[in-house]
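S.K.: Contents of entry.txt (compact mmCIF, C-alpha atoms and all ligand atoms) are below:
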# COMPACT_ATOMS: atom_id res chain seq x y z
CA MET A 1 -4.77 -151.31 -92.66
CA THR A 2 -5.02 -147.94 -94.46
CA LYS A 3 -7.15 -148.06 -97.60
CA PRO A 4 -5.06 -147.19 -100.70
CA LEU A 5 -5.84 -143.79 -102.20
CA THR A 6 -7.91 -143.62 -105.38
CA LYS A 7 -7.87 -140.85 -108.02
CA ASP A 8 -10.96 -139.36 -106.32
CA ASP A 9 -8.97 -138.97 -103.09
CA TYR A 10 -5.88 -137.30 -104.52
CA SER A 11 -4.29 -136.64 -107.91
CA PRO A 12 -0.72 -135.47 -108.49
CA HIS A 13 -2.02 -133.66 -111.63
CA ASP A 14 -5.03 -131.69 -110.39
CA VAL A 15 -6.56 -130.18 -107.28
CA THR A 16 -9.07 -132.42 -105.47
CA VAL A 17 -11.90 -130.87 -103.44
CA HIS A 18 -12.97 -132.58 -100.22
CA ARG A 19 -15.90 -131.66 -97.99
CA ASP A 20 -15.88 -134.52 -95.48
CA PRO A 21 -13.40 -133.96 -92.58
CA ASP A 22 -12.91 -137.70 -91.92
CA ARG A 23 -12.16 -138.47 -95.54
CA LEU A 24 -9.75 -135.54 -95.83
CA ARG A 25 -7.97 -136.75 -92.69
CA ARG A 26 -7.63 -140.24 -94.18
CA VAL A 27 -6.22 -138.82 -97.42
CA VAL A 28 -3.60 -136.57 -95.76
CA ARG A 29 -2.58 -139.40 -93.41
CA ALA A 30 -1.98 -141.67 -96.39
CA LEU A 31 0.05 -138.95 -98.15
CA ARG A 32 2.11 -138.39 -95.00
CA GLY A 33 2.61 -142.16 -94.73
CA ALA A 34 3.97 -142.05 -98.28
CA GLY A 35 6.60 -139.53 -97.18
CA ARG A 36 4.94 -136.24 -98.21
CA ASN A 37 5.02 -133.07 -96.07
CA ILE A 38 1.63 -131.46 -95.55
CA ALA A 39 1.32 -127.65 -95.56
CA LEU A 40 -1.99 -126.04 -94.60
CA VAL A 41 -3.20 -122.62 -95.80
CA PRO A 42 -6.42 -121.75 -93.93
CA THR A 43 -8.68 -119.23 -95.70
CA MET A 44 -12.26 -118.04 -95.85
CA GLY A 45 -12.16 -118.08 -99.67
CA ALA A 46 -12.61 -115.10 -102.06
CA LEU A 47 -8.96 -115.72 -102.85
CA HIS A 48 -6.68 -112.89 -104.02
CA ALA A 49 -2.96 -112.30 -104.58
CA GLY A 50 -2.35 -112.29 -100.80
CA HIS A 51 -3.62 -115.86 -100.57
CA ARG A 52 -1.59 -116.75 -103.67
CA LYS A 53 1.55 -115.65 -101.85
CA LEU A 54 0.66 -117.83 -98.84
CA ILE A 55 0.21 -120.82 -101.16
CA ARG A 56 3.57 -120.14 -102.84
CA GLU A 57 5.23 -119.93 -99.43
CA ALA A 58 3.58 -123.24 -98.45
CA LYS A 59 5.08 -124.89 -101.55
CA VAL A 60 8.65 -123.78 -100.84
CA MET A 61 9.55 -127.00 -99.03
CA GLN A 62 10.32 -129.90 -101.37
CA ASN A 63 7.95 -132.84 -101.41
CA THR A 64 5.00 -130.91 -99.96
CA VAL A 65 1.30 -131.34 -100.62
CA VAL A 66 -0.51 -128.03 -100.03
CA VAL A 67 -3.97 -128.16 -98.47
CA VAL A 68 -6.01 -124.94 -98.79
CA SER A 69 -9.05 -124.81 -96.53
CA ILE A 70 -11.95 -122.64 -97.64
CA PHE A 71 -14.45 -122.18 -94.83
CA VAL A 72 -16.34 -119.05 -93.80
CA ASN A 73 -16.25 -119.88 -90.11
CA PRO A 74 -19.51 -118.71 -88.50
CA THR A 75 -18.16 -118.76 -84.93
CA GLN A 76 -15.72 -115.89 -85.51
CA PHE A 77 -18.45 -113.48 -86.68
CA GLY A 78 -20.46 -111.37 -84.22
CA PRO A 79 -24.26 -111.09 -84.61
CA ASN A 80 -24.03 -107.72 -86.42
CA GLU A 81 -21.10 -108.62 -88.67
CA ASP A 82 -20.93 -109.56 -92.36
CA LEU A 83 -21.21 -113.39 -92.21
CA ASP A 84 -24.14 -113.45 -94.68
CA ARG A 85 -22.65 -111.05 -97.20
CA TYR A 86 -19.04 -112.30 -96.90
CA PRO A 87 -17.85 -112.82 -100.53
CA ARG A 88 -18.09 -116.41 -101.77
CA THR A 89 -16.29 -117.17 -105.07
CA PHE A 90 -15.74 -120.91 -104.80
CA GLU A 91 -15.24 -121.78 -108.50
CA SER A 92 -12.58 -119.13 -109.10
CA ASP A 93 -10.96 -120.03 -105.76
CA VAL A 94 -10.54 -123.62 -106.95
CA ASP A 95 -9.17 -122.31 -110.27
CA MET A 96 -6.50 -120.31 -108.43
CA CYS A 97 -5.62 -123.37 -106.33
CA ARG A 98 -5.28 -125.42 -109.53
CA GLU A 99 -3.03 -122.77 -111.13
CA GLU A 100 -0.84 -122.77 -108.04
CA GLY A 101 -0.46 -126.55 -107.88
CA VAL A 102 -2.46 -126.99 -104.67
CA GLY A 103 -3.10 -130.70 -104.04
CA LEU A 104 -6.20 -130.58 -101.87
CA VAL A 105 -8.94 -128.04 -101.16
CA PHE A 106 -10.85 -128.69 -97.94
CA ALA A 107 -14.24 -126.96 -98.06
CA PRO A 108 -16.36 -128.44 -95.27
CA ASN A 109 -19.99 -127.65 -94.52
CA ALA A 110 -20.60 -125.85 -91.22
CA GLU A 111 -22.72 -128.80 -89.96
CA ASP A 112 -19.76 -131.17 -90.42
CA MET A 113 -17.32 -128.81 -88.69
CA TYR A 114 -19.60 -128.08 -85.73
CA LEU A 115 -21.52 -131.17 -84.66
CA PRO A 116 -24.79 -130.53 -82.78
CA GLY A 117 -24.13 -129.89 -79.11
CA SER A 118 -20.49 -128.75 -79.55
CA THR A 119 -19.59 -126.63 -76.53
CA VAL A 120 -15.79 -126.86 -76.07
CA THR A 121 -13.73 -123.95 -77.47
CA VAL A 122 -10.19 -122.59 -77.31
CA SER A 123 -9.75 -119.60 -74.97
CA PRO A 124 -7.29 -117.02 -76.38
CA GLY A 125 -6.29 -115.49 -73.01
CA PRO A 126 -6.10 -111.72 -72.34
CA LEU A 127 -4.75 -110.73 -75.77
CA GLY A 128 -7.97 -112.09 -77.24
CA ASP A 129 -9.88 -109.20 -75.62
CA GLU A 130 -7.58 -106.45 -76.89
CA LEU A 131 -7.34 -104.59 -80.24
CA GLU A 132 -9.53 -106.62 -82.66
CA GLY A 133 -10.92 -108.60 -79.73
CA ALA A 134 -12.16 -105.43 -77.99
CA VAL A 135 -14.15 -104.45 -81.10
CA ARG A 136 -15.17 -108.04 -82.02
CA PRO A 137 -15.91 -109.85 -78.73
CA GLY A 138 -15.50 -113.63 -79.06
CA HIS A 139 -13.80 -113.30 -82.47
CA PHE A 140 -10.51 -114.93 -81.47
CA ALA A 141 -12.15 -117.78 -79.57
CA GLY A 142 -13.90 -118.54 -82.88
CA VAL A 143 -10.69 -118.20 -84.91
CA LEU A 144 -8.54 -120.31 -82.57
CA THR A 145 -11.20 -122.99 -82.21
CA VAL A 146 -11.56 -123.45 -85.96
CA VAL A 147 -7.79 -123.31 -86.52
CA ALA A 148 -7.28 -125.94 -83.79
CA LYS A 149 -9.88 -128.12 -85.51
CA LEU A 150 -8.14 -127.64 -88.87
CA PHE A 151 -4.79 -128.55 -87.28
CA ASN A 152 -6.34 -131.72 -85.85
CA ILE A 153 -8.04 -132.72 -89.10
CA VAL A 154 -5.11 -131.95 -91.43
CA GLU A 155 -2.18 -132.57 -89.04
CA PRO A 156 0.06 -130.27 -91.11
CA THR A 157 3.81 -129.95 -90.75
CA TYR A 158 3.50 -126.25 -91.67
CA ALA A 159 0.59 -123.83 -91.48
CA VAL A 160 0.85 -120.52 -93.30
CA PHE A 161 -0.91 -117.27 -92.27
CA GLY A 162 -0.66 -113.62 -93.33
CA GLU A 163 0.77 -110.77 -91.30
CA LYS A 164 -2.18 -108.68 -92.51
CA ASP A 165 -4.10 -110.29 -89.62
CA TYR A 166 -1.20 -109.71 -87.25
CA GLN A 167 -3.03 -110.31 -83.96
CA GLN A 168 -4.51 -113.52 -85.37
CA LEU A 169 -1.03 -114.69 -86.40
CA THR A 170 0.34 -113.83 -82.94
CA LEU A 171 -2.44 -115.75 -81.20
CA ILE A 172 -2.04 -118.76 -83.48
CA HIS A 173 1.70 -118.85 -82.69
CA ARG A 174 0.79 -118.80 -79.01
CA MET A 175 -1.87 -121.46 -79.31
CA ALA A 176 0.54 -123.79 -81.12
CA ARG A 177 3.11 -123.27 -78.37
CA ASP A 178 0.76 -123.28 -75.36
CA LEU A 179 -1.29 -126.29 -76.53
CA ASN A 180 1.66 -128.26 -77.99
CA PHE A 181 0.45 -128.48 -81.57
CA PRO A 182 3.25 -130.16 -83.56
CA VAL A 183 3.02 -127.62 -86.37
CA ALA A 184 5.38 -124.89 -87.56
CA VAL A 185 3.35 -121.67 -87.89
CA VAL A 186 4.73 -119.53 -90.73
CA GLY A 187 3.91 -115.80 -91.15
CA VAL A 188 3.97 -114.08 -94.56
CA PRO A 189 4.36 -110.30 -95.06
CA THR A 190 1.31 -108.39 -96.28
CA VAL A 191 0.72 -108.18 -100.04
CA ARG A 192 -0.36 -104.68 -101.09
CA GLU A 193 -1.85 -102.87 -104.07
CA ALA A 194 0.50 -100.44 -105.85
CA ASP A 195 -0.96 -97.55 -103.78
CA GLY A 196 -0.30 -99.34 -100.48
CA LEU A 197 -3.76 -100.75 -99.68
CA ALA A 198 -3.43 -104.20 -98.09
CA LEU A 199 -5.22 -106.81 -100.19
CA SER A 200 -8.30 -108.10 -98.39
CA SER A 201 -11.39 -110.00 -99.47
CA ARG A 202 -13.43 -107.20 -97.95
CA ASN A 203 -11.91 -104.58 -100.31
CA ARG A 204 -14.51 -105.61 -102.87
CA TYR A 205 -17.21 -104.02 -100.69
CA LEU A 206 -15.66 -100.56 -101.25
CA SER A 207 -17.14 -97.98 -103.63
CA GLU A 208 -14.72 -96.10 -105.88
CA GLU A 209 -14.53 -93.16 -103.44
CA GLU A 210 -14.14 -95.45 -100.44
CA ARG A 211 -11.41 -97.38 -102.24
CA LEU A 212 -9.41 -94.14 -102.57
CA ALA A 213 -10.03 -93.22 -98.92
CA ALA A 214 -8.96 -96.70 -97.81
CA THR A 215 -5.34 -95.98 -98.81
CA THR A 216 -5.25 -93.70 -95.74
CA LEU A 217 -4.67 -96.75 -93.49
CA SER A 218 -1.38 -97.76 -95.10
CA ALA A 219 -0.41 -94.09 -95.61
CA ALA A 220 -0.82 -93.55 -91.84
CA LEU A 221 1.39 -96.56 -91.06
CA THR A 222 4.06 -95.29 -93.47
CA ALA A 223 3.92 -91.78 -91.94
CA GLY A 224 4.35 -93.31 -88.47
CA ALA A 225 7.24 -95.52 -89.57
CA HIS A 226 9.04 -92.52 -91.12
CA VAL A 227 9.37 -90.75 -87.77
CA SER A 228 9.98 -93.87 -85.69
CA GLY A 229 13.47 -92.66 -84.72
CA GLN A 230 11.76 -89.90 -82.70
CA GLY A 231 9.90 -92.40 -80.52
CA ALA A 232 6.37 -93.61 -79.81
CA GLU A 233 4.65 -90.26 -79.37
CA ALA A 234 5.89 -88.98 -82.74
CA VAL A 235 4.84 -92.20 -84.46
CA LEU A 236 1.31 -92.07 -83.09
CA LYS A 237 0.93 -88.36 -83.87
CA ALA A 238 2.15 -88.69 -87.46
CA ALA A 239 -0.14 -91.66 -88.10
CA SER A 240 -3.21 -90.16 -86.45
CA ASP A 241 -2.75 -86.84 -88.33
CA VAL A 242 -2.95 -88.74 -91.62
CA LEU A 243 -6.06 -90.63 -90.50
CA ALA A 244 -7.75 -87.46 -89.19
CA ALA A 245 -7.31 -85.74 -92.57
CA GLU A 246 -9.65 -88.26 -94.30
CA PRO A 247 -13.27 -87.76 -93.18
CA ARG A 248 -14.45 -91.00 -94.84
CA VAL A 249 -12.29 -93.02 -92.44
CA SER A 250 -13.58 -93.70 -88.94
CA VAL A 251 -10.84 -95.16 -86.71
CA ASP A 252 -11.55 -98.04 -84.29
CA TYR A 253 -7.99 -98.06 -82.93
CA LEU A 254 -4.46 -96.97 -83.73
CA GLU A 255 -1.96 -98.61 -81.38
CA LEU A 256 1.75 -99.08 -81.06
CA ARG A 257 2.80 -102.37 -79.47
CA ALA A 258 5.78 -104.71 -79.16
CA PRO A 259 6.11 -107.38 -81.90
CA ASP A 260 4.44 -109.91 -79.54
CA LEU A 261 1.68 -107.32 -78.96
CA GLY A 262 2.79 -106.59 -75.38
CA PRO A 263 3.52 -102.93 -74.43
CA ALA A 264 5.71 -101.07 -76.95
CA PRO A 265 9.38 -100.71 -75.96
CA GLU A 266 11.03 -97.25 -75.95
CA ASN A 267 13.72 -98.45 -78.33
CA GLY A 268 13.79 -101.26 -80.83
CA ASP A 269 11.17 -103.20 -82.70
CA GLY A 270 7.53 -102.27 -82.46
CA ARG A 271 4.33 -102.91 -84.40
CA LEU A 272 1.89 -100.19 -85.40
CA LEU A 273 -1.68 -101.46 -85.86
CA VAL A 274 -4.76 -99.75 -87.21
CA ALA A 275 -8.41 -100.68 -87.70
CA ALA A 276 -10.95 -98.39 -89.29
CA ARG A 277 -14.29 -98.33 -91.01
CA VAL A 278 -14.58 -96.89 -94.50
CA GLY A 279 -18.31 -96.57 -95.09
CA THR A 280 -19.70 -99.87 -93.81
CA THR A 281 -16.48 -101.81 -94.53
CA ARG A 282 -14.10 -102.56 -91.68
CA LEU A 283 -10.42 -102.79 -92.64
CA ILE A 284 -7.26 -103.57 -90.66
CA ASP A 285 -3.57 -103.07 -91.36
CA ASN A 286 -0.25 -103.02 -89.51
CA ALA A 287 3.46 -102.44 -90.08
CA PRO A 288 6.77 -102.93 -88.29
CA VAL A 289 8.45 -99.82 -86.84
CA LEU A 290 11.95 -99.41 -85.40
CA LEU A 291 11.57 -97.12 -82.40
CA GLY A 292 13.90 -94.49 -80.96
CA THR A 293 17.15 -95.48 -82.57
CA GLY A 294 18.28 -91.83 -82.29
CA ASP A 295 18.65 -91.15 -85.99
CA GLU A 296 16.28 -88.15 -85.89
N1 LIG A 301 -2.89 -108.90 -98.23
C1 LIG A 301 -2.54 -110.03 -97.66
N2 LIG A 301 -1.24 -110.41 -97.62
C2 LIG A 301 -0.86 -111.58 -97.02
N3 LIG A 301 -1.73 -112.43 -96.43
C3 LIG A 301 -3.03 -112.10 -96.44
C4 LIG A 301 -3.51 -110.90 -97.05
N4 LIG A 301 -4.85 -110.85 -96.90
C5 LIG A 301 -5.20 -111.96 -96.23
N5 LIG A 301 -4.12 -112.71 -95.95
C6 LIG A 301 -4.09 -113.95 -95.18
O1 LIG A 301 -4.87 -114.93 -95.81
C7 LIG A 301 -5.38 -115.83 -94.83
C8 LIG A 301 -6.84 -115.99 -95.04
O2 LIG A 301 -7.48 -114.74 -94.83
P1 LIG A 301 -8.94 -114.43 -95.28
O3 LIG A 301 -9.45 -115.54 -96.12
O4 LIG A 301 -9.73 -113.95 -94.14
O5 LIG A 301 -8.69 -113.23 -96.30
P2 LIG A 301 -8.75 -111.72 -96.05
O6 LIG A 301 -8.44 -111.05 -97.31
O7 LIG A 301 -7.97 -111.42 -94.80
O8 LIG A 301 -10.26 -111.46 -95.78
P3 LIG A 301 -10.91 -110.38 -94.87
O9 LIG A 301 -11.47 -109.40 -95.82
O10 LIG A 301 -11.88 -111.24 -94.16
O11 LIG A 301 -9.90 -109.78 -93.96
C9 LIG A 301 -5.05 -115.20 -93.46
O12 LIG A 301 -3.88 -115.85 -92.95
C10 LIG A 301 -4.76 -113.77 -93.83
O13 LIG A 301 -3.89 -113.12 -92.92
C1 LIG A 302 -7.60 -118.22 -90.09
C2 LIG A 302 -9.03 -118.22 -90.61
C3 LIG A 302 -9.11 -119.01 -91.91
C4 LIG A 302 -9.90 -118.94 -89.57
O1 LIG A 302 -11.24 -118.98 -89.97
C5 LIG A 302 -9.56 -116.79 -90.81
O2 LIG A 302 -9.60 -116.09 -89.61
C6 LIG A 302 -8.83 -116.03 -91.87
O3 LIG A 302 -9.16 -116.26 -93.02
O4 LIG A 302 -7.92 -115.22 -91.55
N1 LIG A 303 -9.06 -112.43 -92.04
C1 LIG A 303 -9.71 -112.38 -90.72
C2 LIG A 303 -11.01 -113.05 -90.71
C3 LIG A 303 -12.11 -112.20 -90.20
O1 LIG A 303 -12.07 -110.97 -90.35
O2 LIG A 303 -13.06 -112.74 -89.65
Would you put the structure from the file into structure tokens?
Ligand SMILES: Nc1ncnc2c1ncn2[C@@H]1O[C@H](COP(=O)(O)OP(=O)(O)OP(=O)(O)O)[C@@H](O)[C@H]1O
Ligand SMILES: CC(C)(CO)[C@@H](O)C(=O)[O-]
Ligand code: BAL

M.R.:
Amino acid sequence: MTKPLTKDDYSPHDVTVHRDPDRLRRVVRALRGAGRNIALVPTMGALHAGHRKLIREAKVMQNTVVVVSIFVNPTQFGPNEDLDRYPRTFESDVDMCREEGVGLVFAPNAEDMYLPGSTVTVSPGPLGDELEGAVRPGHFAGVLTVVAKLFNIVEPTYAVFGEKDYQQLTLIHRMARDLNFPVAVVGVPTVREADGLALSSRNRYLSEEERLAATTLSAALTAGAHVSGQGAEAVLKAASDVLAAEPRVSVDYLELRAPDLGPAPENGDGRLLVAARVGTTRLIDNAPVLLGTGDE
């Protein structure tokens, strides 16, 4: 027999914060049993307008309870990365969730997510070692493992992710397919500042000068997309010229790929991806391009 839910488990009028994975699982199971859809929005907190858009997308289906997870997952950070200084703004995150009508926030402690002696992880396959994975070894094993755990704890009907982390979204689609997760993975286009900069929790690390220089990433993608009719070489040249003109930006990679991140086709849809450091802050961005349609 399932225990009936109390007002400390779930309220239709306010967001409820849960830390215990087993309790959260019991609550979402009861809600599903009562006919509700469950939509999951996984985040690392420090919520901004990009996350707000994911939450709004998650609410689009009638009769849905949105679960936002807030967990700075240690296993996706390398030893020299920013795990310790990653922005943590829990109170205002919960306020945004409340404003947006989120039903449940799941904010587990690391010790409850990773029990002592945990050794089994999800292997991303070859794409996990490319692009972001080449610069951040082990990153995608950490991401996919925690997302698989979230899928198993929350058992969502939908899970919503941003295109800003395009390789992550691609790998999560693949994991859901390859490992038979019964969840519809939904991608949401990148939310940008008025000057083109993709919103990111890490933008708050930038100084005023770095913030200006950071617009070079999206400007490079736009320059590439403008000449996409001339083919791959023109796209890469236009984008890399823009990046090279800004000395504060140090490029990790600029690559043109197919939408599934395989090799770029000569004609048709492609994806242009960039990662760069601006001072000590590492930023990523990407955009769709339509290659070689002969209109140039
Ligand atoms: N500008 C954005 N537009 C749309 N979705 C976004 C945007 N920024 C982040 N997201 C999505 O929000 C989800 C949670 O991401 P996360 O909490 O890591 O935020 P973030 O801003 O990407 O932080 P980071 O600075 O670590 O890149 C991911 O699915 C991510 O793709
Ligand atoms: C998907 C995710 C929440 C897993 O920790 C994280 O990689 C993120 O915030 O994009
Ligand atoms: N948004 C991606 C999470 C990370 O950079 O670790």

S.K.: Rank A:Lys3, A:His48, A:Lys149, A:Arg25 by their smallest atom-to-atom distance to ligand LIG 301 (chain A), using all atoms listed in the file, and report the top residue only.

M.R.: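 Counting all atoms listed in the file, the residue closest to ligand LIG 301 (chain A) is A:His48.
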
S.K.: Excluding same-chain residues fewer than 5 positions from Val60 (chain A), what lies within 12 Å of it counting only C-alpha atoms, as a short mmCIF file (atom, residue, chain, number, x, y, z; two decimals) with C-alpha atoms, keeping the file's coordinate frame?

M.R.:
data_model
loop_
_atom_site.label_atom_id
_atom_site.label_comp_id
_atom_site.auth_asym_id
_atom_site.auth_seq_id
_atom_site.Cartn_x
_atom_site.Cartn_y
_atom_site.Cartn_z
CA ASN A 37 5.02 -133.07 -96.07
CA ILE A 38 1.63 -131.46 -95.55
CA ALA A 39 1.32 -127.65 -95.56
CA LYS A 53 1.55 -115.65 -101.85
CA LEU A 54 0.66 -117.83 -98.84
CA ILE A 55 0.21 -120.82 -101.16
CA VAL A 65 1.30 -131.34 -100.62
CA VAL A 66 -0.51 -128.03 -100.03
CA GLU A 100 -0.84 -122.77 -108.04
CA GLY A 101 -0.46 -126.55 -107.88
CA TYR A 158 3.50 -126.25 -91.67
CA VAL A 160 0.85 -120.52 -93.30
CA VAL A 186 4.73 -119.53 -90.73
#

S.K.: Taking all atoms listed in the file into account, which of A:Gly231, A:Arg248, A:Leu256, A:Leu273 comes nearest Thr293 (chain A)?

M.R.: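 Nearest candidate to Thr293 (chain A) out of A:Gly231, A:Arg248, A:Leu256, A:Leu273: A:Gly231.
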
S.K.: Counting only C-alpha atoms and all ligand atoms, which of A:Gly196, A:Gly187, A:Pro74, A:Pro259 gets nearest to ligand LIG 303 (chain A)?

M.R.: A:Pro74

S.K.: Using all atoms of ligand LIG 301 (chain A) that appear in the file, construct an axis-aligned enclosing box with 3 Å of padding on every side and provide its centre coordinates and edge lengths in Å, rounded to one decimal, as JSON.

M.R.:
{"center_x": -6.4, "center_y": -112.4, "center_z": -95.6, "size_x": 17.0, "size_y": 13.1, "size_z": 11.3}

S.K.: Within 7 Å of ligand LIG 303 (chain A), which residues show up when you count all atoms listed in the file? List them as an MDAnalysis selection string, please.

M.R.: chainID A and resid 76:77 165

S.K.: Which residues of chain A come within 6 Å of ligand LIG 301 (chain A), and what is each one's closest atom pair and distance in Å (one decimal), counting all atoms listed in the file, sorted by chain and residue number, as JSON lines?

M.R.:
{"residue": "A:Pro42", "atom": "CA", "partner": "A:LIG301", "partner_atom": "C8", "distance": 5.9}
{"residue": "A:Thr43", "atom": "CA", "partner": "A:LIG301", "partner_atom": "C8", "distance": 3.8}
{"residue": "A:Met44", "atom": "CA", "partner": "A:LIG301", "partner_atom": "O3", "distance": 3.8}
{"residue": "A:Gly45", "atom": "CA", "partner": "A:LIG301", "partner_atom": "O3", "distance": 5.1}
{"residue": "A:Gly50", "atom": "CA", "partner": "A:LIG301", "partner_atom": "N2", "distance": 3.9}
{"residue": "A:His51", "atom": "CA", "partner": "A:LIG301", "partner_atom": "O1", "distance": 5.0}
{"residue": "A:Phe161", "atom": "CA", "partner": "A:LIG301", "partner_atom": "O12", "distance": 3.4}
{"residue": "A:Gly162", "atom": "CA", "partner": "A:LIG301", "partner_atom": "O13", "distance": 3.3}
{"residue": "A:Glu163", "atom": "CA", "partner": "A:LIG301", "partner_atom": "O13", "distance": 5.5}
{"residue": "A:Lys164", "atom": "CA", "partner": "A:LIG301", "partner_atom": "O13", "distance": 4.8}
{"residue": "A:Asp165", "atom": "CA", "partner": "A:LIG301", "partner_atom": "O13", "distance": 4.4}
{"residue": "A:Val188", "atom": "CA", "partner": "A:LIG301", "partner_atom": "C2", "distance": 6.0}
{"residue": "A:Pro189", "atom": "CA", "partner": "A:LIG301", "partner_atom": "C2", "distance": 5.7}
{"residue": "A:Thr190", "atom": "CA", "partner": "A:LIG301", "partner_atom": "N2", "distance": 3.5}
{"residue": "A:Val191", "atom": "CA", "partner": "A:LIG301", "partner_atom": "N2", "distance": 3.8}
{"residue": "A:Arg192", "atom": "CA", "partner": "A:LIG301", "partner_atom": "N1", "distance": 5.7}
{"residue": "A:Ala198", "atom": "CA", "partner": "A:LIG301", "partner_atom": "N1", "distance": 4.7}
{"residue": "A:Leu199", "atom": "CA", "partner": "A:LIG301", "partner_atom": "N1", "distance": 3.7}
{"residue": "A:Ser200", "atom": "CA", "partner": "A:LIG301", "partner_atom": "O6", "distance": 3.1}
{"residue": "A:Ser201", "atom": "CA", "partner": "A:LIG301", "partner_atom": "O9", "distance": 3.7}
{"residue": "A:Arg202", "atom": "CA", "partner": "A:LIG301", "partner_atom": "O9", "distance": 3.6}

S.K.: Tell me which protein, DNA and RNA residues are within 12 Å of Thr216 (chain A), counting all atoms listed in the file, leaving out same-chain ones fewer than 3 positions away, and put them as a PyMOL selection string.

M.R.: chain A and resi 195-198+210-213+219-223+239-251+274-278+283-285

S.K.: Please determine, counting all atoms listed in the file, which residue among A:Asp14, A:Glu57, A:Glu99, A:Glu132 has the shortest atom-to-atom distance to ligand LIG 302 (chain A).

M.R.: A:Glu132

S.K.: May I ask which of the residues A:Val120, A:Ala234, A:Val143, A:Val27 is the closest one to ligand LIG 302 (chain A), counting all atoms listed in the file?

M.R.: A:Val143
